[in-house]
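Raw contents of work_8.tsv, TSV, C-alpha atoms and all ligand atoms:
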chain	number	residue	atom	x	y	z
A	1	GLU	CA	0.00	0.00	0.00
A	2	LYS	CA	1.26	3.47	-0.88
A	3	SER	CA	2.48	5.61	2.00
A	4	LEU	CA	1.13	9.07	2.81
A	5	LYS	CA	4.25	10.70	1.38
A	6	GLU	CA	3.86	8.80	-1.90
A	7	ARG	CA	0.17	9.69	-2.15
A	8	ALA	CA	0.91	13.34	-1.44
A	9	ALA	CA	3.72	13.35	-3.99
A	10	THR	CA	1.47	12.11	-6.79
A	11	LYS	CA	-0.49	15.38	-6.33
A	12	GLY	CA	2.64	17.49	-6.11
A	13	LEU	CA	2.12	17.85	-2.36
A	14	ILE	CA	4.25	17.10	0.67
A	15	TYR	CA	3.17	15.03	3.65
A	16	GLY	CA	5.28	15.25	6.79
A	17	ALA	CA	5.15	15.04	10.56
A	18	ALA	CA	6.76	16.26	13.76
A	19	ALA	CA	9.17	13.98	15.59
A	20	SER	CA	11.68	14.28	18.38
A	21	HIS	CA	15.33	13.32	18.60
A	22	ASP	CA	14.73	11.15	21.68
A	23	ASN	CA	11.88	9.13	20.17
A	24	LEU	CA	13.67	8.57	16.87
A	25	ILE	CA	16.76	7.33	18.71
A	26	SER	CA	15.07	5.14	21.31
A	27	ASP	CA	12.38	3.58	19.10
A	28	SER	CA	13.69	2.09	15.86
A	29	GLU	CA	10.27	0.79	14.86
A	30	PHE	CA	8.90	4.31	15.09
A	31	ALA	CA	11.87	5.68	13.14
A	32	LYS	CA	11.30	3.12	10.42
A	33	VAL	CA	7.61	3.91	10.04
A	34	PHE	CA	8.37	7.62	10.19
A	35	ILE	CA	10.70	7.37	7.21
A	36	GLN	CA	8.18	5.24	5.32
A	37	GLN	CA	5.28	7.62	5.77
A	38	SER	CA	6.77	11.14	5.86
A	39	GLY	CA	8.44	13.16	3.18
A	40	MET	CA	9.20	15.98	5.58
A	41	MET	CA	10.21	16.30	9.20
A	42	VAL	CA	9.66	19.07	11.69
A	43	PRO	CA	11.55	18.87	15.00
A	44	GLU	CA	9.17	18.94	17.94
A	45	LEU	CA	11.65	20.54	20.38
A	46	GLU	CA	15.18	20.64	19.05
A	47	PHE	CA	15.08	23.97	17.20
A	48	LYS	CA	13.31	25.90	19.93
A	49	TRP	CA	15.44	28.10	22.17
A	50	SER	CA	14.86	25.73	25.06
A	51	SER	CA	12.21	23.03	25.31
A	52	GLY	CA	11.90	19.91	27.43
A	53	ASN	CA	15.39	18.46	27.88
A	54	LYS	CA	16.67	20.24	24.76
A	55	ARG	CA	18.65	23.46	25.16
A	56	LEU	CA	19.61	25.04	21.85
A	57	ARG	CA	20.47	28.18	23.86
A	58	PRO	CA	22.15	27.12	27.11
A	59	ASP	CA	23.14	30.73	27.71
A	60	GLN	CA	23.21	34.14	26.11
A	61	ASN	CA	26.45	33.61	24.24
A	62	SER	CA	26.36	30.01	23.19
A	63	PHE	CA	24.51	27.38	21.21
A	64	ASP	CA	24.24	23.65	21.66
A	65	PHE	CA	23.58	22.19	18.22
A	66	LYS	CA	23.94	18.53	19.11
A	67	ALA	CA	20.27	17.52	18.87
A	68	ALA	CA	19.51	19.98	16.07
A	69	ASP	CA	22.41	18.69	13.97
A	70	TRP	CA	21.27	15.13	14.58
A	71	MET	CA	17.77	15.97	13.31
A	72	ILE	CA	19.16	17.57	10.16
A	73	GLU	CA	21.47	14.62	9.50
A	74	PHE	CA	18.62	12.17	10.06
A	75	SER	CA	16.47	14.03	7.57
A	76	GLN	CA	19.25	14.22	4.98
A	77	LYS	CA	20.17	10.55	5.33
A	78	ASN	CA	16.57	9.53	4.87
A	79	ASP	CA	15.55	11.93	2.13
A	80	LEU	CA	13.22	13.99	4.27
A	81	LEU	CA	12.62	17.64	3.62
A	82	PHE	CA	13.09	19.68	6.78
A	83	ARG	CA	11.11	22.44	8.51
A	84	GLY	CA	12.83	24.75	10.94
A	85	HIS	CA	10.58	25.42	13.95
A	86	THR	CA	10.81	28.05	15.39
A	87	LEU	CA	12.92	31.24	15.64
A	88	VAL	CA	10.62	33.65	17.44
A	89	TRP	CA	8.01	32.43	19.93
A	90	HIS	CA	6.81	33.51	23.36
A	91	HIS	CA	7.11	29.94	24.66
A	92	ALA	CA	10.21	27.80	25.00
A	93	LEU	CA	12.40	30.69	26.08
A	94	PRO	CA	15.30	29.71	28.36
A	95	ASN	CA	15.32	30.58	32.06
A	96	TRP	CA	18.08	33.16	31.61
A	97	PHE	CA	15.99	35.07	29.07
A	98	GLU	CA	13.85	37.02	31.49
A	99	GLU	CA	16.76	37.98	33.72
A	100	GLN	CA	19.30	38.85	31.08
A	101	VAL	CA	17.48	40.20	28.07
A	102	ASN	CA	16.47	43.85	27.99
A	103	ARG	CA	15.63	46.58	25.49
A	104	GLN	CA	19.32	47.32	25.03
A	105	ASN	CA	20.52	43.84	24.08
A	106	ALA	CA	17.42	42.16	22.64
A	107	GLU	CA	17.90	43.17	19.01
A	108	LEU	CA	21.49	41.98	18.92
A	109	LEU	CA	20.53	38.72	20.63
A	110	LEU	CA	17.78	38.01	18.10
A	111	THR	CA	20.02	39.04	15.21
A	112	LYS	CA	22.80	36.68	16.30
A	113	HIS	CA	20.32	33.90	16.99
A	114	ILE	CA	18.79	34.04	13.53
A	115	GLN	CA	22.10	34.55	11.73
A	116	THR	CA	23.70	31.64	13.57
A	117	VAL	CA	20.87	29.11	13.50
A	118	VAL	CA	19.55	29.84	10.02
A	119	GLY	CA	23.05	30.35	8.66
A	120	ARG	CA	24.22	26.97	9.95
A	121	TYR	CA	21.65	25.05	7.91
A	122	VAL	CA	21.53	27.01	4.67
A	123	GLY	CA	20.42	24.77	1.81
A	124	LYS	CA	19.12	22.11	4.20
A	125	VAL	CA	15.86	23.70	5.33
A	126	HIS	CA	12.77	23.75	3.13
A	127	SER	CA	10.95	26.28	5.28
A	128	TRP	CA	11.38	28.20	8.50
A	129	ASP	CA	8.67	29.10	10.99
A	130	VAL	CA	10.23	32.50	11.49
A	131	VAL	CA	7.56	33.75	13.88
A	132	ASN	CA	5.13	31.52	15.77
A	133	GLU	CA	1.82	32.56	17.36
A	134	ALA	CA	2.24	36.35	17.37
A	135	ILE	CA	-1.47	37.15	17.19
A	136	ALA	CA	-3.41	37.48	20.42
A	137	PRO	CA	-6.00	34.77	20.94
A	138	SER	CA	-8.61	37.44	21.33
A	139	HIS	CA	-8.76	40.45	19.15
A	140	ASN	CA	-8.96	43.47	21.41
A	141	ILE	CA	-5.27	43.49	22.28
A	142	PHE	CA	-2.64	45.94	21.09
A	143	ASN	CA	-2.73	45.98	17.27
A	144	GLY	CA	-4.02	42.39	17.30
A	145	LEU	CA	-0.53	41.35	18.42
A	146	ARG	CA	-0.06	39.11	21.40
A	147	LYS	CA	1.77	40.64	24.34
A	148	THR	CA	5.02	38.70	24.28
A	149	PRO	CA	8.55	39.35	25.53
A	150	TRP	CA	9.54	40.08	21.93
A	151	LEU	CA	6.81	42.69	21.47
A	152	ASP	CA	7.73	44.21	24.78
A	153	LEU	CA	11.45	44.31	24.02
A	154	LEU	CA	11.44	45.26	20.35
A	155	GLY	CA	8.06	46.83	19.59
A	156	THR	CA	5.69	45.92	16.78
A	157	ASP	CA	8.43	45.76	14.13
A	158	TYR	CA	9.96	42.63	15.63
A	159	ILE	CA	8.10	40.45	13.15
A	160	ASP	CA	9.40	42.31	10.13
A	161	LEU	CA	12.90	42.30	11.62
A	162	ALA	CA	12.87	38.54	12.16
A	163	PHE	CA	11.82	37.86	8.57
A	164	ARG	CA	14.46	40.19	7.16
A	165	LEU	CA	17.17	38.54	9.22
A	166	ALA	CA	16.02	35.08	8.16
A	167	ALA	CA	15.95	36.09	4.49
A	168	GLN	CA	19.48	37.46	4.74
A	169	ALA	CA	20.73	34.33	6.42
A	170	ASP	CA	19.08	31.94	3.96
A	171	PRO	CA	17.70	33.46	0.77
A	172	SER	CA	16.50	30.07	-0.46
A	173	ALA	CA	14.24	28.94	2.40
A	174	LEU	CA	10.50	29.50	2.40
A	175	LEU	CA	9.78	31.90	5.26
A	176	VAL	CA	6.59	31.18	7.17
A	177	TYR	CA	4.37	32.90	9.72
A	178	ASN	CA	2.74	30.10	11.79
A	179	ASP	CA	-0.35	30.30	14.00
A	180	PHE	CA	-3.29	28.36	15.45
A	181	GLY	CA	-6.98	28.96	16.11
A	182	LEU	CA	-7.89	29.71	12.49
A	183	ASP	CA	-10.15	26.78	11.81
A	184	TYR	CA	-13.67	27.16	13.14
A	185	ASP	CA	-16.80	29.19	12.70
A	186	ASN	CA	-16.93	31.05	15.99
A	187	SER	CA	-16.20	34.64	16.93
A	188	LYS	CA	-12.80	33.82	18.42
A	189	ASP	CA	-11.47	32.09	15.32
A	190	GLU	CA	-13.12	34.66	13.07
A	191	ALA	CA	-11.35	37.48	14.91
A	192	LYS	CA	-8.10	35.58	14.68
A	193	ARG	CA	-8.46	34.98	10.94
A	194	GLN	CA	-9.05	38.70	10.45
A	195	ALA	CA	-6.08	39.62	12.63
A	196	VAL	CA	-3.80	37.18	10.81
A	197	LEU	CA	-4.95	38.49	7.45
A	198	SER	CA	-4.26	42.07	8.43
A	199	LEU	CA	-0.85	41.11	9.81
A	200	LEU	CA	0.00	39.37	6.54
A	201	GLU	CA	-1.32	42.30	4.46
A	202	GLY	CA	0.74	44.71	6.50
A	203	LEU	CA	3.90	42.66	6.11
A	204	LYS	CA	3.40	42.23	2.36
A	205	SER	CA	2.78	45.94	1.87
A	206	LYS	CA	6.00	46.79	3.75
A	207	GLY	CA	7.98	44.41	1.58
A	208	THR	CA	8.75	41.99	4.38
A	209	PRO	CA	10.23	38.78	2.91
A	210	ILE	CA	7.43	36.45	3.98
A	211	HIS	CA	6.43	33.59	1.72
A	212	ALA	CA	3.80	31.49	3.44
A	213	LEU	CA	1.26	31.12	6.19
A	214	GLY	CA	1.50	28.05	8.41
A	215	ILE	CA	-1.87	26.94	9.76
A	216	GLN	CA	-1.31	24.72	12.78
A	217	ALA	CA	-4.73	23.02	12.59
A	218	HIS	CA	-4.95	21.55	16.07
A	219	LEU	CA	-8.55	20.46	15.51
A	220	SER	CA	-11.20	19.29	17.94
A	221	GLY	CA	-13.12	16.09	17.38
A	222	ASP	CA	-16.01	17.47	19.40
A	223	SER	CA	-16.34	20.73	17.54
A	224	HIS	CA	-19.19	20.93	15.07
A	225	SER	CA	-18.41	24.39	13.86
A	226	PHE	CA	-16.19	23.76	10.88
A	227	ASN	CA	-17.58	25.91	8.10
A	228	PRO	CA	-16.12	24.83	4.76
A	229	GLN	CA	-17.08	28.05	2.98
A	230	LYS	CA	-15.54	30.35	5.61
A	231	PHE	CA	-12.36	28.31	5.71
A	232	ARG	CA	-12.21	28.21	1.92
A	233	ASP	CA	-12.58	32.00	1.77
A	234	PHE	CA	-9.84	32.47	4.33
A	235	LEU	CA	-7.43	30.29	2.37
A	236	SER	CA	-8.23	32.13	-0.81
A	237	ASN	CA	-7.71	35.52	0.88
A	238	VAL	CA	-4.29	34.35	2.05
A	239	ALA	CA	-3.45	33.02	-1.41
A	240	SER	CA	-4.45	36.32	-2.99
A	241	LEU	CA	-1.63	37.98	-1.01
A	242	ASP	CA	0.73	35.84	-3.07
A	243	LEU	CA	1.49	33.57	-0.14
A	244	LYS	CA	1.76	29.80	-0.04
A	245	ILE	CA	0.00	27.88	2.74
A	246	LEU	CA	1.19	24.93	4.82
A	247	ILE	CA	-0.93	22.92	7.23
A	248	THR	CA	1.81	22.59	9.80
A	249	GLU	CA	0.71	20.81	12.99
A	250	MET	CA	-2.45	18.90	12.32
A	251	ASP	CA	-3.98	16.63	14.96
A	252	VAL	CA	-7.51	16.04	16.23
A	253	LYS	CA	-8.25	16.33	19.94
A	254	ASP	CA	-10.43	13.58	21.38
A	255	GLN	CA	-10.24	14.86	24.93
A	256	ASN	CA	-14.00	15.23	25.27
A	257	LEU	CA	-15.19	12.37	23.09
A	258	PRO	CA	-16.80	9.28	24.65
A	259	PHE	CA	-14.49	6.34	25.43
A	260	ASP	CA	-15.65	3.99	22.64
A	261	THR	CA	-12.48	3.93	20.55
A	262	ALA	CA	-14.09	2.75	17.33
A	263	MET	CA	-16.52	5.63	17.42
A	264	ARG	CA	-13.80	8.05	18.45
A	265	ASP	CA	-11.63	6.98	15.55
A	266	ARG	CA	-14.49	7.56	13.11
A	267	THR	CA	-15.12	11.04	14.47
A	268	ILE	CA	-11.43	11.92	14.33
A	269	ALA	CA	-11.10	10.60	10.80
A	270	ALA	CA	-14.11	12.63	9.70
A	271	ALA	CA	-12.54	15.79	11.12
A	272	TYR	CA	-9.34	15.14	9.13
A	273	GLU	CA	-11.30	14.45	5.98
A	274	ASP	CA	-13.65	17.45	6.17
A	275	TYR	CA	-10.77	19.81	6.83
A	276	LEU	CA	-8.32	18.46	4.27
A	277	SER	CA	-10.86	18.14	1.50
A	278	VAL	CA	-11.34	21.90	1.73
A	279	ALA	CA	-7.69	22.78	2.35
A	280	LEU	CA	-6.37	20.73	-0.55
A	281	ASP	CA	-8.80	22.40	-2.96
A	282	GLU	CA	-6.75	25.55	-2.54
A	283	LYS	CA	-3.84	25.58	-4.96
A	284	ALA	CA	-1.68	27.65	-2.60
A	285	VAL	CA	-1.56	24.77	-0.09
A	286	ILE	CA	1.72	22.93	-0.64
A	287	ALA	CA	2.14	20.69	2.40
A	288	VAL	CA	0.29	18.90	5.18
A	289	LEU	CA	2.11	17.96	8.36
A	290	THR	CA	0.69	16.23	11.41
A	291	TRP	CA	2.03	17.02	14.89
A	292	GLY	CA	3.39	13.54	15.38
A	293	LEU	CA	2.67	10.39	13.42
A	294	SER	CA	1.70	7.74	15.97
A	295	ASP	CA	-0.52	8.04	19.04
A	296	LYS	CA	2.44	6.58	20.94
A	297	TYR	CA	4.02	10.03	20.88
A	298	THR	CA	1.67	12.99	21.10
A	299	TRP	CA	1.89	16.19	23.13
A	300	LEU	CA	-1.87	15.96	23.79
A	301	ASN	CA	-1.58	13.27	26.48
A	302	GLU	CA	0.13	15.94	28.52
A	303	PHE	CA	-1.51	19.13	27.28
A	304	GLN	CA	-5.12	18.00	26.84
A	305	PRO	CA	-5.47	14.66	28.63
A	306	ARG	CA	-8.76	12.81	28.81
A	307	LYS	CA	-10.67	12.82	32.09
A	308	ASP	CA	-10.72	9.01	32.07
A	309	LYS	CA	-6.90	9.15	31.79
A	310	THR	CA	-6.90	6.77	28.82
A	311	PRO	CA	-4.54	7.68	25.97
A	312	VAL	CA	-5.68	10.13	23.31
A	313	ARG	CA	-5.88	9.04	19.65
A	314	PRO	CA	-5.23	12.20	17.60
A	315	LEU	CA	-2.84	10.93	14.92
A	316	PRO	CA	-2.85	8.76	11.75
A	317	LEU	CA	-1.21	5.67	13.33
A	318	ASP	CA	-2.14	4.02	16.61
A	319	ALA	CA	0.36	3.36	19.39
A	320	GLN	CA	1.29	0.03	17.74
A	321	MET	CA	2.10	1.81	14.46
A	322	GLN	CA	-1.03	0.44	12.76
A	323	TYR	CA	-3.10	2.50	10.35
A	324	LYS	CA	-6.20	4.12	11.84
A	325	LEU	CA	-9.20	5.55	10.02
A	326	ALA	CA	-7.44	8.91	10.29
A	327	TRP	CA	-4.66	7.50	8.10
A	328	ASN	CA	-7.22	6.46	5.48
A	329	ALA	CA	-8.87	9.88	5.67
A	330	ILE	CA	-5.58	11.68	5.00
A	331	ALA	CA	-4.71	9.18	2.26
A	332	ARG	CA	-8.05	9.84	0.55
A	333	ALA	CA	-7.66	13.60	0.85
A	334	PHE	CA	-4.43	13.41	-1.18
B	1	LIG	C1	4.72	21.51	21.74
B	1	LIG	C2	5.42	20.15	21.86
B	1	LIG	O1	4.68	19.20	21.17
B	1	LIG	C3	5.54	19.79	23.31
B	1	LIG	O2	6.24	18.58	23.46
B	1	LIG	C4	6.28	20.92	24.04
B	1	LIG	O3	6.36	20.62	25.38
B	1	LIG	C5	5.55	22.23	23.85
B	1	LIG	O4	5.41	22.48	22.47
B	1	LIG	N1	2.17	24.79	18.80
B	1	LIG	C6	3.49	24.75	18.37
B	1	LIG	C7	4.37	23.64	18.80
B	1	LIG	O5	3.89	25.59	17.55
B	1	LIG	O6	5.71	24.02	18.89
B	1	LIG	C8	3.90	23.05	20.11
B	1	LIG	O7	4.70	21.91	20.40
B	1	LIG	C9	2.44	22.69	20.03
B	1	LIG	C10	1.59	23.91	19.76
As structure tokens, how would this structure be written, given the file I've shared?
Amino acid sequence: EKSLKERAATKGLIYGAAASHDNLISDSEFAKVFIQQSGMMVPELEFKWSSGNKRLRPDQNSFDFKAADWMIEFSQKNDLLFRGHTLVWHHALPNWFEEQVNRQNAELLLTKHIQTVVGRYVGKVHSWDVVNEAIAPSHNIFNGLRKTPWLDLLGTDYIDLAFRLAAQADPSALLVYNDFGLDYDNSKDEAKRQAVLSLLEGLKSKGTPIHALGIQAHLSGDSHSFNPQKFRDFLSNVASLDLKILITEMDVKDQNLPFDTAMRDRTIAAAYEDYLSVALDEKAVIAVLTWGLSDKYTWLNEFQPRKDKTPVRPLPLDAQMQYKLAWNAIARAF
């Protein structure tokens, strides 16, 4: 049977998934399936400033590239395209950040970070999530921008600055703005879509070197407010700004669904299928990535656990690496 990456490729699309250094090293069965199914890898932790047990930035003046280099080498050895994730985010900042970074040194710190990290992997990265989650979850905040350390330290131009630095460091990578909460037909997501669109319009009109929107697509299996027409219109508005679109972190939360796993899997698969059938109609969409591949390794067991404490089932493969209905749904969408 053809893998997801092969099915995607026949349509000129890319299928990929997030994975972590530790899981790929400790679980050879997972690594094998990962290579079979994905044409692209995004590191779950290793390219963040500091996340979990991974410290790309142990201190203000140094870098620890061990895990990041390993991820790049793994992807090159196995013919995977690579996504850099992420240069500017309000999460995953190291402990020293708050104490040591101020309005005097922040710009130089960010400049050196982007030059060093992006510069190190020139020619090896398909796309960079230059800025992640910069729009406030609700609309009535300063300029639509989220209050983050970066906004506080550098002002509203920090986004433009980050993209310019990334473009200088690697003129060949696709530079992406990545965000979540853009999926559903409710006032929160509607406000967020509008805020993201105006951010993108503003950047394009300033000449910021931005090439794509990343839509995280952390979906909910219990949400019945997916509106195909509204989502279609949003994608087409983004495309009309001459931007590509990537679905970057797709998974389907089953936190609030009843226990019955067969029923849960059908609901989850339907959410994948409804969403992707609309997304892949839009010519600007070039890639679909899930945030993990197997239910054995998903952030949602920690971040959105079920009340009954049983494992969540958000991804295309189950914990034994077997295809689920979600796999079939993604396969059909390609
Ligand atoms: C998550 C990882 O999956 C977790 O393991 C980590 O502890 C926190 O970050 N949006 C993003 C990703 O852009 O980087 C997040 O990844 C999930 C939400």
Item to complete: Produce as a count of residues only the set of residues near ligand LIG 1 (chain B), where near means within 10 Å with only C-alpha atoms and all ligand atoms considered.
Response: 42
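With all atoms listed in the file as the basis for measurement, A:Gly221 is the residue among A:Lys124, A:Gly221, A:Gly207, A:Pro94 that approaches Met263 in chain A most closely.
Checking A:Val196, A:Ala134, A:Ile25, A:Leu257 one by one against Arg306 in chain A, counting only C-alpha atoms, you find the shortest gap at A:Leu257.
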Would you list the contacts of Thr116 in chain A as a list in words, taking every protein, DNA or RNA residue within 12 Å and counting all atoms listed in the file, but skipping same-chain residues closer than 5 positions in sequence?
Leu56, Arg57, Asn61, Ser62, Phe63, Asp64, Phe65, Leu87, Leu108, Leu109, Leu110, Thr111, Tyr121, Val122, Leu165, Ala166, Gln168, Ala169 and Asp170 of chain A
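Note that CA of Asp189 in chain A and CA of Ala269 in chain A are 22.0 Å apart.
By chain and then residue number, the residues within 10 Å of Lys296 in chain A are Asn23, Phe30, Asn301, Pro311, Val312, Arg313, Leu315, Leu317, Asp318, Ala319, Gln320 and Met321 of chain A, counting only C-alpha atoms and disregarding those fewer than 5 positions away in sequence.
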One decimal place gives the CA of Glu29 in chain A-CA of Leu293 in chain A separation as 12.3 Å
note - CA of Phe97 in chain A and CA of Gln115 in chain A are separated by 18.4 Å
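Comparing the minimum interatomic distances between Val33 in chain A and each of A:Ala8, A:Ile72, A:Leu280, A:Ala17, counting all atoms listed in the file, we find that A:Ala17 sits nearest.
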List every protein, DNA or RNA residue that has at least one atom no more than 12 Å from (-9.7, 24.5, -3.2) in the file's coordinates, counting only C-alpha atoms, and write the result as JSON, numbers by chain. {"A": [228, 229, 231, 232, 233, 234, 235, 236, 237, 239, 245, 275, 276, 277, 278, 279, 280, 281, 282, 283, 284, 285, 286, 333]}
Dump C-alpha atoms for the selected residues as a PDB file, in the frame of the given file?
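Generated file (result.pdb):
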ATOM      1  CA  PRO A 228     -16.120  24.830   4.760  1.00  0.00           C
ATOM      2  CA  GLN A 229     -17.080  28.050   2.980  1.00  0.00           C
ATOM      3  CA  PHE A 231     -12.360  28.310   5.710  1.00  0.00           C
ATOM      4  CA  ARG A 232     -12.210  28.210   1.920  1.00  0.00           C
ATOM      5  CA  ASP A 233     -12.580  32.000   1.770  1.00  0.00           C
ATOM      6  CA  PHE A 234      -9.840  32.470   4.330  1.00  0.00           C
ATOM      7  CA  LEU A 235      -7.430  30.290   2.370  1.00  0.00           C
ATOM      8  CA  SER A 236      -8.230  32.130  -0.810  1.00  0.00           C
ATOM      9  CA  ASN A 237      -7.710  35.520   0.880  1.00  0.00           C
ATOM     10  CA  ALA A 239      -3.450  33.020  -1.410  1.00  0.00           C
ATOM     11  CA  ILE A 245       0.000  27.880   2.740  1.00  0.00           C
ATOM     12  CA  TYR A 275     -10.770  19.810   6.830  1.00  0.00           C
ATOM     13  CA  LEU A 276      -8.320  18.460   4.270  1.00  0.00           C
ATOM     14  CA  SER A 277     -10.860  18.140   1.500  1.00  0.00           C
ATOM     15  CA  VAL A 278     -11.340  21.900   1.730  1.00  0.00           C
ATOM     16  CA  ALA A 279      -7.690  22.780   2.350  1.00  0.00           C
ATOM     17  CA  LEU A 280      -6.370  20.730  -0.550  1.00  0.00           C
ATOM     18  CA  ASP A 281      -8.800  22.400  -2.960  1.00  0.00           C
ATOM     19  CA  GLU A 282      -6.750  25.550  -2.540  1.00  0.00           C
ATOM     20  CA  LYS A 283      -3.840  25.580  -4.960  1.00  0.00           C
ATOM     21  CA  ALA A 284      -1.680  27.650  -2.600  1.00  0.00           C
ATOM     22  CA  VAL A 285      -1.560  24.770  -0.090  1.00  0.00           C
ATOM     23  CA  ILE A 286       1.720  22.930  -0.640  1.00  0.00           C
ATOM     24  CA  ALA A 333      -7.660  13.600   0.850  1.00  0.00           C
TER      25      ALA A 333
END
- Message: For a quick check of your reading of the model, name the residues lying within 12 Å of the coordinate (1.4, 4.2, 3.9), counting only C-alpha atoms, and write them as a ChimeraX atom specification.
- Response: /A:1-8,15,32-39,293,316-317,321-324,326-332
